[in-house]
Amino acid sequence: MTDQPILVARRIGHCYRAAQREVWALREVSLALQPGEFVCLVGPSGCGKTTLLRILAGLLRPTQGEIRWMGQPLQGPDRRIGIVFQRDSLLPWRTAMENVRLPLELNGQSGPEADRRARALLGQAGLEGFEDAYPRELSGGMQHRVALARALAADPEILLLDEPFATLDALTRERLNEVLLALWEGRRKTVLMVTHDVHEAARLADRVLVMRPRPGAIVAEIPISLPRPRGADRWSHAAFLETVWAIRQALGDGALEQESEGEGP
Ligand SMILES: Nc1ncnc2c1ncn2[C@@H]1O[C@H](COP(=O)(O)OP(=O)(O)OP(=O)(O)O)[C@@H](O)[C@H]1O
Ligand SMILES: [Mg+2]
């Protein structure tokens, strides 16, 4: 028996129109996310990943096709859909705690209960003791963790993450992967995360969707049955390396170019 999918994209197409140009960023993209699964979306730069995420979050209306959220057509943003953008920024005049509390305040929740919740999320993200720090006093990795905690504050059913760790060094990134997995395993919400790092996708996902550009489309779906936890001690195992290779092959020629772009000094 299969669960009812929580979020469905049906034959999504999106065309950006500028004065003289039109760009078809997506064509015929369909996907269905099951409750509780962790899906990674990989693909080279410009293949439409951010566009797709914005459409799935109800922030952008697709030119073609339909999004269904919990069985109904998605009409616009919904607070049960959390999103962390590619270059997400915290509000500089608010402390870490006040940033995380923001979605709760927007929801009409304040007082000790909201504080408790924001504090607990910061703790889970490994930021205990930094509640009163301003963003400028935090490292890039710490700011990302605050953004993640903020996205979780409204207790979304699904979290859409757009390359949340792309600008970080490999070790910080691995640490944040663990933070994210711990948060996911604790809450069992659905996660769709964009990454162009095939290794990261193999470490995190239940399923990897592979996109190719011009026009942006999903060209492969790779289920990942590797047991969890997938710690560093497993990364040299044949099964893990085969998974990484399968994703890389599905990406095709664009893959290596992308990786050197993303993993440069
Ligand atoms: N606001 C916009 N106006 C016009 N064209 C856009 C706009 N946003 C994106 N595009 C175009 O749509 C295509 C897909 O862009 P998108 O940002 O979705 O790609 P991406 O896969 O997220 O890339 P990256 O990995 O570099 O973040 C690109 O060709 C881009 O130039
Ligand atoms: Mg993008």
# chains A, B, ... in the order shown; residues from 1 in each chain; ligands from 1
>>> residues_near_ligand(ligand="ligand 2", cutoff="9 Å", atoms="only C-alpha atoms and all ligand atoms", output="list in words")
Ser45, Gly46, Cys47, Gly48, Lys49, Thr50, Thr51, Leu53, Phe85, Gln86, Asp162, Glu163 and Val194 of chain A
>>> residues_around(residues="A:Arg207", least_positions_apart="4", cutoff="6 Å", atoms="only C-alpha atoms", output="number ranges by chain")
A: 39, 222-224
>>> write_last_selection(atoms="C-alpha atoms", output="tab-separated table (two decimals), in the first residue's frame")
chain	number	residue	atom	x	y	z
A	39	VAL	CA	14.27	13.49	-1.47
A	222	ILE	CA	17.29	6.88	-8.23
A	223	PRO	CA	16.01	5.12	-5.11
A	224	ILE	CA	18.67	4.89	-2.39
>>> closest_atom_pairs(of="chain A", to="ligand 1", cutoff="10 Å", atoms="only C-alpha atoms and all ligand atoms", output="JSON lines")
{"residue": "A:His14", "atom": "CA", "partner": "ligand 1", "partner_atom_place_in_ligand_line": "12 (O)", "distance": 8.5}
{"residue": "A:Cys15", "atom": "CA", "partner": "ligand 1", "partner_atom_place_in_ligand_line": "12 (O)", "distance": 7.8}
{"residue": "A:Tyr16", "atom": "CA", "partner": "ligand 1", "partner_atom_place_in_ligand_line": "4 (C)", "distance": 4.8}
{"residue": "A:Arg17", "atom": "CA", "partner": "ligand 1", "partner_atom_place_in_ligand_line": "4 (C)", "distance": 6.4}
{"residue": "A:Ala18", "atom": "CA", "partner": "ligand 1", "partner_atom_place_in_ligand_line": "4 (C)", "distance": 6.4}
{"residue": "A:Arg21", "atom": "CA", "partner": "ligand 1", "partner_atom_place_in_ligand_line": "4 (C)", "distance": 8.7}
{"residue": "A:Glu22", "atom": "CA", "partner": "ligand 1", "partner_atom_place_in_ligand_line": "4 (C)", "distance": 7.8}
{"residue": "A:Val23", "atom": "CA", "partner": "ligand 1", "partner_atom_place_in_ligand_line": "12 (O)", "distance": 6.2}
{"residue": "A:Trp24", "atom": "CA", "partner": "ligand 1", "partner_atom_place_in_ligand_line": "12 (O)", "distance": 6.9}
{"residue": "A:Ala25", "atom": "CA", "partner": "ligand 1", "partner_atom_place_in_ligand_line": "13 (C)", "distance": 4.3}
{"residue": "A:Leu26", "atom": "CA", "partner": "ligand 1", "partner_atom_place_in_ligand_line": "14 (C)", "distance": 7.5}
{"residue": "A:Leu41", "atom": "CA", "partner": "ligand 1", "partner_atom_place_in_ligand_line": "21 (O)", "distance": 9.6}
{"residue": "A:Val42", "atom": "CA", "partner": "ligand 1", "partner_atom_place_in_ligand_line": "21 (O)", "distance": 8.5}
{"residue": "A:Gly43", "atom": "CA", "partner": "ligand 1", "partner_atom_place_in_ligand_line": "21 (O)", "distance": 6.5}
{"residue": "A:Pro44", "atom": "CA", "partner": "ligand 1", "partner_atom_place_in_ligand_line": "25 (O)", "distance": 5.7}
{"residue": "A:Ser45", "atom": "CA", "partner": "ligand 1", "partner_atom_place_in_ligand_line": "25 (O)", "distance": 3.4}
{"residue": "A:Gly46", "atom": "CA", "partner": "ligand 1", "partner_atom_place_in_ligand_line": "19 (O)", "distance": 3.5}
{"residue": "A:Cys47", "atom": "CA", "partner": "ligand 1", "partner_atom_place_in_ligand_line": "21 (O)", "distance": 4.0}
{"residue": "A:Gly48", "atom": "CA", "partner": "ligand 1", "partner_atom_place_in_ligand_line": "18 (O)", "distance": 3.2}
{"residue": "A:Lys49", "atom": "CA", "partner": "ligand 1", "partner_atom_place_in_ligand_line": "21 (O)", "distance": 3.7}
{"residue": "A:Thr50", "atom": "CA", "partner": "ligand 1", "partner_atom_place_in_ligand_line": "22 (O)", "distance": 3.7}
{"residue": "A:Thr51", "atom": "CA", "partner": "ligand 1", "partner_atom_place_in_ligand_line": "18 (O)", "distance": 3.7}
{"residue": "A:Leu52", "atom": "CA", "partner": "ligand 1", "partner_atom_place_in_ligand_line": "18 (O)", "distance": 6.5}
{"residue": "A:Leu53", "atom": "CA", "partner": "ligand 1", "partner_atom_place_in_ligand_line": "18 (O)", "distance": 8.1}
{"residue": "A:Arg54", "atom": "CA", "partner": "ligand 1", "partner_atom_place_in_ligand_line": "18 (O)", "distance": 8.5}
{"residue": "A:Ile55", "atom": "CA", "partner": "ligand 1", "partner_atom_place_in_ligand_line": "18 (O)", "distance": 9.9}
{"residue": "A:Gln86", "atom": "CA", "partner": "ligand 1", "partner_atom_place_in_ligand_line": "27 (O)", "distance": 7.3}
{"residue": "A:Arg87", "atom": "CA", "partner": "ligand 1", "partner_atom_place_in_ligand_line": "27 (O)", "distance": 9.8}
{"residue": "A:Asp162", "atom": "CA", "partner": "ligand 1", "partner_atom_place_in_ligand_line": "22 (O)", "distance": 7.9}
{"residue": "A:Glu163", "atom": "CA", "partner": "ligand 1", "partner_atom_place_in_ligand_line": "27 (O)", "distance": 7.9}
{"residue": "A:Ala166", "atom": "CA", "partner": "ligand 1", "partner_atom_place_in_ligand_line": "25 (O)", "distance": 9.8}
{"residue": "A:Val194", "atom": "CA", "partner": "ligand 1", "partner_atom_place_in_ligand_line": "22 (O)", "distance": 8.3}
{"residue": "A:Thr195", "atom": "CA", "partner": "ligand 1", "partner_atom_place_in_ligand_line": "25 (O)", "distance": 8.1}
{"residue": "A:His196", "atom": "CA", "partner": "ligand 1", "partner_atom_place_in_ligand_line": "25 (O)", "distance": 7.2}
{"residue": "A:Met211", "atom": "CA", "partner": "ligand 1", "partner_atom_place_in_ligand_line": "21 (O)", "distance": 8.4}
{"residue": "A:Arg212", "atom": "CA", "partner": "ligand 1", "partner_atom_place_in_ligand_line": "21 (O)", "distance": 8.8}
{"residue": "A:Pro213", "atom": "CA", "partner": "ligand 1", "partner_atom_place_in_ligand_line": "21 (O)", "distance": 7.9}
{"residue": "A:Arg214", "atom": "CA", "partner": "ligand 1", "partner_atom_place_in_ligand_line": "29 (O)", "distance": 7.7}
{"residue": "A:Pro215", "atom": "CA", "partner": "ligand 1", "partner_atom_place_in_ligand_line": "13 (C)", "distance": 8.4}
{"residue": "A:Gly216", "atom": "CA", "partner": "ligand 1", "partner_atom_place_in_ligand_line": "14 (C)", "distance": 7.3}
{"residue": "A:Gln258", "atom": "CA", "partner": "ligand 1", "partner_atom_place_in_ligand_line": "25 (O)", "distance": 8.7}
{"residue": "A:Gly262", "atom": "CA", "partner": "ligand 1", "partner_atom_place_in_ligand_line": "25 (O)", "distance": 9.6}
>>> select_by_dssp(residues="stretch 115-220 of chain A", states="strand (DSSP E)", output="list in words")
Ile158, Leu159, Leu160, Leu161, Asp162, Thr190, Val191, Leu192, Met193, Val194, Arg207, Val208, Leu209, Val210, Met211, Arg212, Ala217, Ile218, Val219 and Ala220 of chain A
>>> atom_distance(atom1="atom CA of A:Val8", atom2="atom CA of A:Ser30")
7.4 Å
>>> decode(residues="stretch 76-92 of chain A", atoms="all heavy atoms", output="PDB file, in the first residue's frame")
ATOM      1  N   GLY A  76      -1.267  29.246  -3.179  1.00  0.00           N
ATOM      2  CA  GLY A  76      -0.258  30.256  -2.824  1.00  0.00           C
ATOM      3  C   GLY A  76       0.541  29.729  -1.657  1.00  0.00           C
ATOM      4  O   GLY A  76       0.425  28.549  -1.319  1.00  0.00           O
ATOM      5  N   PRO A  77       1.369  30.580  -1.038  1.00  0.00           N
ATOM      6  CA  PRO A  77       2.189  30.112   0.085  1.00  0.00           C
ATOM      7  C   PRO A  77       1.325  29.538   1.203  1.00  0.00           C
ATOM      8  O   PRO A  77       0.195  29.986   1.399  1.00  0.00           O
ATOM      9  CB  PRO A  77       2.905  31.384   0.557  1.00  0.00           C
ATOM     10  CG  PRO A  77       2.819  32.333  -0.569  1.00  0.00           C
ATOM     11  CD  PRO A  77       1.574  31.998  -1.329  1.00  0.00           C
ATOM     12  N   ASP A  78       1.862  28.565   1.890  1.00  0.00           N
ATOM     13  CA  ASP A  78       1.134  27.903   2.971  1.00  0.00           C
ATOM     14  C   ASP A  78       2.131  27.729   4.106  1.00  0.00           C
ATOM     15  O   ASP A  78       3.257  27.296   3.870  1.00  0.00           O
ATOM     16  CB  ASP A  78       0.648  26.536   2.463  1.00  0.00           C
ATOM     17  CG  ASP A  78      -0.253  25.832   3.459  1.00  0.00           C
ATOM     18  OD1 ASP A  78       0.153  25.649   4.634  1.00  0.00           O
ATOM     19  OD2 ASP A  78      -1.361  25.435   3.061  1.00  0.00           O
ATOM     20  N   ARG A  79       1.730  28.061   5.321  1.00  0.00           N
ATOM     21  CA  ARG A  79       2.726  28.014   6.387  1.00  0.00           C
ATOM     22  C   ARG A  79       3.153  26.589   6.745  1.00  0.00           C
ATOM     23  O   ARG A  79       4.130  26.396   7.449  1.00  0.00           O
ATOM     24  CB  ARG A  79       2.261  28.780   7.623  1.00  0.00           C
ATOM     25  CG  ARG A  79       1.116  28.171   8.316  1.00  0.00           C
ATOM     26  CD  ARG A  79       0.768  28.885   9.609  1.00  0.00           C
ATOM     27  NE  ARG A  79      -0.332  28.196  10.229  1.00  0.00           N
ATOM     28  CZ  ARG A  79      -0.201  27.076  10.927  1.00  0.00           C
ATOM     29  NH1 ARG A  79       0.990  26.559  11.142  1.00  0.00           N
ATOM     30  NH2 ARG A  79      -1.251  26.474  11.431  1.00  0.00           N
ATOM     31  N   ARG A  80       2.438  25.611   6.217  1.00  0.00           N
ATOM     32  CA  ARG A  80       2.861  24.224   6.455  1.00  0.00           C
ATOM     33  C   ARG A  80       3.957  23.795   5.473  1.00  0.00           C
ATOM     34  O   ARG A  80       4.458  22.693   5.531  1.00  0.00           O
ATOM     35  CB  ARG A  80       1.655  23.290   6.358  1.00  0.00           C
ATOM     36  CG  ARG A  80       0.647  23.514   7.480  1.00  0.00           C
ATOM     37  CD  ARG A  80      -0.647  22.811   7.189  1.00  0.00           C
ATOM     38  NE  ARG A  80      -1.251  23.301   5.958  1.00  0.00           N
ATOM     39  CZ  ARG A  80      -2.330  22.775   5.395  1.00  0.00           C
ATOM     40  NH1 ARG A  80      -2.912  21.725   5.933  1.00  0.00           N
ATOM     41  NH2 ARG A  80      -2.819  23.277   4.284  1.00  0.00           N
ATOM     42  N   ILE A  81       4.268  24.691   4.528  1.00  0.00           N
ATOM     43  CA  ILE A  81       5.378  24.433   3.600  1.00  0.00           C
ATOM     44  C   ILE A  81       6.520  25.371   3.983  1.00  0.00           C
ATOM     45  O   ILE A  81       6.415  26.581   3.806  1.00  0.00           O
ATOM     46  CB  ILE A  81       4.957  24.695   2.143  1.00  0.00           C
ATOM     47  CG1 ILE A  81       3.729  23.854   1.785  1.00  0.00           C
ATOM     48  CG2 ILE A  81       6.117  24.403   1.186  1.00  0.00           C
ATOM     49  CD1 ILE A  81       3.180  24.120   0.378  1.00  0.00           C
ATOM     50  N   GLY A  82       7.585  24.807   4.524  1.00  0.00           N
ATOM     51  CA  GLY A  82       8.731  25.635   4.941  1.00  0.00           C
ATOM     52  C   GLY A  82       9.764  25.667   3.836  1.00  0.00           C
ATOM     53  O   GLY A  82       9.947  24.685   3.118  1.00  0.00           O
ATOM     54  N   ILE A  83      10.412  26.807   3.686  1.00  0.00           N
ATOM     55  CA  ILE A  83      11.433  26.888   2.635  1.00  0.00           C
ATOM     56  C   ILE A  83      12.671  27.613   3.155  1.00  0.00           C
ATOM     57  O   ILE A  83      12.559  28.576   3.910  1.00  0.00           O
ATOM     58  CB  ILE A  83      10.861  27.550   1.341  1.00  0.00           C
ATOM     59  CG1 ILE A  83      11.869  27.536   0.203  1.00  0.00           C
ATOM     60  CG2 ILE A  83      10.326  28.945   1.592  1.00  0.00           C
ATOM     61  CD1 ILE A  83      11.271  27.719  -1.190  1.00  0.00           C
ATOM     62  N   VAL A  84      13.836  27.103   2.790  1.00  0.00           N
ATOM     63  CA  VAL A  84      15.098  27.799   3.071  1.00  0.00           C
ATOM     64  C   VAL A  84      15.726  28.074   1.720  1.00  0.00           C
ATOM     65  O   VAL A  84      16.021  27.158   0.959  1.00  0.00           O
ATOM     66  CB  VAL A  84      16.054  26.955   3.946  1.00  0.00           C
ATOM     67  CG1 VAL A  84      17.362  27.705   4.172  1.00  0.00           C
ATOM     68  CG2 VAL A  84      15.412  26.628   5.291  1.00  0.00           C
ATOM     69  N   PHE A  85      15.889  29.352   1.408  1.00  0.00           N
ATOM     70  CA  PHE A  85      16.371  29.744   0.092  1.00  0.00           C
ATOM     71  C   PHE A  85      17.882  29.555  -0.041  1.00  0.00           C
ATOM     72  O   PHE A  85      18.600  29.427   0.936  1.00  0.00           O
ATOM     73  CB  PHE A  85      16.024  31.203  -0.191  1.00  0.00           C
ATOM     74  CG  PHE A  85      14.555  31.437  -0.344  1.00  0.00           C
ATOM     75  CD1 PHE A  85      13.836  32.037   0.656  1.00  0.00           C
ATOM     76  CD2 PHE A  85      13.894  31.024  -1.481  1.00  0.00           C
ATOM     77  CE1 PHE A  85      12.469  32.243   0.524  1.00  0.00           C
ATOM     78  CE2 PHE A  85      12.531  31.218  -1.616  1.00  0.00           C
ATOM     79  CZ  PHE A  85      11.825  31.836  -0.605  1.00  0.00           C
ATOM     80  N   GLN A  86      18.303  29.618  -1.298  1.00  0.00           N
ATOM     81  CA  GLN A  86      19.709  29.429  -1.647  1.00  0.00           C
ATOM     82  C   GLN A  86      20.595  30.456  -0.927  1.00  0.00           C
ATOM     83  O   GLN A  86      21.635  30.148  -0.403  1.00  0.00           O
ATOM     84  CB  GLN A  86      19.846  29.602  -3.157  1.00  0.00           C
ATOM     85  CG  GLN A  86      20.983  28.868  -3.780  1.00  0.00           C
ATOM     86  CD  GLN A  86      20.787  28.753  -5.293  1.00  0.00           C
ATOM     87  OE1 GLN A  86      19.775  29.180  -5.842  1.00  0.00           O
ATOM     88  NE2 GLN A  86      21.749  28.168  -5.968  1.00  0.00           N
ATOM     89  N   ARG A  87      20.168  31.701  -0.941  1.00  0.00           N
ATOM     90  CA  ARG A  87      20.928  32.738  -0.240  1.00  0.00           C
ATOM     91  C   ARG A  87      20.029  33.339   0.820  1.00  0.00           C
ATOM     92  O   ARG A  87      19.660  34.495   0.758  1.00  0.00           O
ATOM     93  CB  ARG A  87      21.387  33.826  -1.221  1.00  0.00           C
ATOM     94  CG  ARG A  87      22.605  33.422  -2.008  1.00  0.00           C
ATOM     95  CD  ARG A  87      22.992  34.477  -3.008  1.00  0.00           C
ATOM     96  NE  ARG A  87      22.114  34.439  -4.157  1.00  0.00           N
ATOM     97  CZ  ARG A  87      22.264  33.614  -5.183  1.00  0.00           C
ATOM     98  NH1 ARG A  87      23.289  32.787  -5.200  1.00  0.00           N
ATOM     99  NH2 ARG A  87      21.423  33.613  -6.197  1.00  0.00           N
ATOM    100  N   ASP A  88      19.677  32.491   1.750  1.00  0.00           N
ATOM    101  CA  ASP A  88      18.720  32.955   2.747  1.00  0.00           C
ATOM    102  C   ASP A  88      19.430  33.902   3.698  1.00  0.00           C
ATOM    103  O   ASP A  88      20.576  33.709   4.044  1.00  0.00           O
ATOM    104  CB  ASP A  88      18.174  31.772   3.542  1.00  0.00           C
ATOM    105  CG  ASP A  88      16.717  31.988   3.891  1.00  0.00           C
ATOM    106  OD1 ASP A  88      16.243  33.118   3.739  1.00  0.00           O
ATOM    107  OD2 ASP A  88      16.073  31.028   4.298  1.00  0.00           O
ATOM    108  N   SER A  89      18.743  34.953   4.085  1.00  0.00           N
ATOM    109  CA  SER A  89      19.392  35.846   5.019  1.00  0.00           C
ATOM    110  C   SER A  89      18.528  36.035   6.249  1.00  0.00           C
ATOM    111  O   SER A  89      17.298  36.066   6.169  1.00  0.00           O
ATOM    112  CB  SER A  89      19.695  37.177   4.351  1.00  0.00           C
ATOM    113  OG  SER A  89      18.533  37.619   3.701  1.00  0.00           O
ATOM    114  N   LEU A  90      19.206  36.150   7.354  1.00  0.00           N
ATOM    115  CA  LEU A  90      18.520  36.406   8.609  1.00  0.00           C
ATOM    116  C   LEU A  90      18.300  37.909   8.716  1.00  0.00           C
ATOM    117  O   LEU A  90      18.988  38.692   8.062  1.00  0.00           O
ATOM    118  CB  LEU A  90      19.408  35.926   9.761  1.00  0.00           C
ATOM    119  CG  LEU A  90      19.785  34.447   9.696  1.00  0.00           C
ATOM    120  CD1 LEU A  90      20.818  34.116  10.758  1.00  0.00           C
ATOM    121  CD2 LEU A  90      18.566  33.561   9.847  1.00  0.00           C
ATOM    122  N   LEU A  91      17.366  38.300   9.536  1.00  0.00           N
ATOM    123  CA  LEU A  91      17.173  39.731   9.754  1.00  0.00           C
ATOM    124  C   LEU A  91      18.295  40.222  10.667  1.00  0.00           C
ATOM    125  O   LEU A  91      18.429  39.745  11.794  1.00  0.00           O
ATOM    126  CB  LEU A  91      15.805  39.985  10.395  1.00  0.00           C
ATOM    127  CG  LEU A  91      14.612  39.558   9.549  1.00  0.00           C
ATOM    128  CD1 LEU A  91      13.308  39.798  10.290  1.00  0.00           C
ATOM    129  CD2 LEU A  91      14.605  40.284   8.208  1.00  0.00           C
ATOM    130  N   PRO A  92      19.129  41.162  10.173  1.00  0.00           N
ATOM    131  CA  PRO A  92      20.344  41.519  10.919  1.00  0.00           C
ATOM    132  C   PRO A  92      20.065  42.218  12.254  1.00  0.00           C
ATOM    133  O   PRO A  92      20.902  42.175  13.146  1.00  0.00           O
ATOM    134  CB  PRO A  92      21.092  42.451   9.964  1.00  0.00           C
ATOM    135  CG  PRO A  92      20.106  42.888   8.946  1.00  0.00           C
ATOM    136  CD  PRO A  92      19.032  41.842   8.882  1.00  0.00           C
TER     137      PRO A  92
END
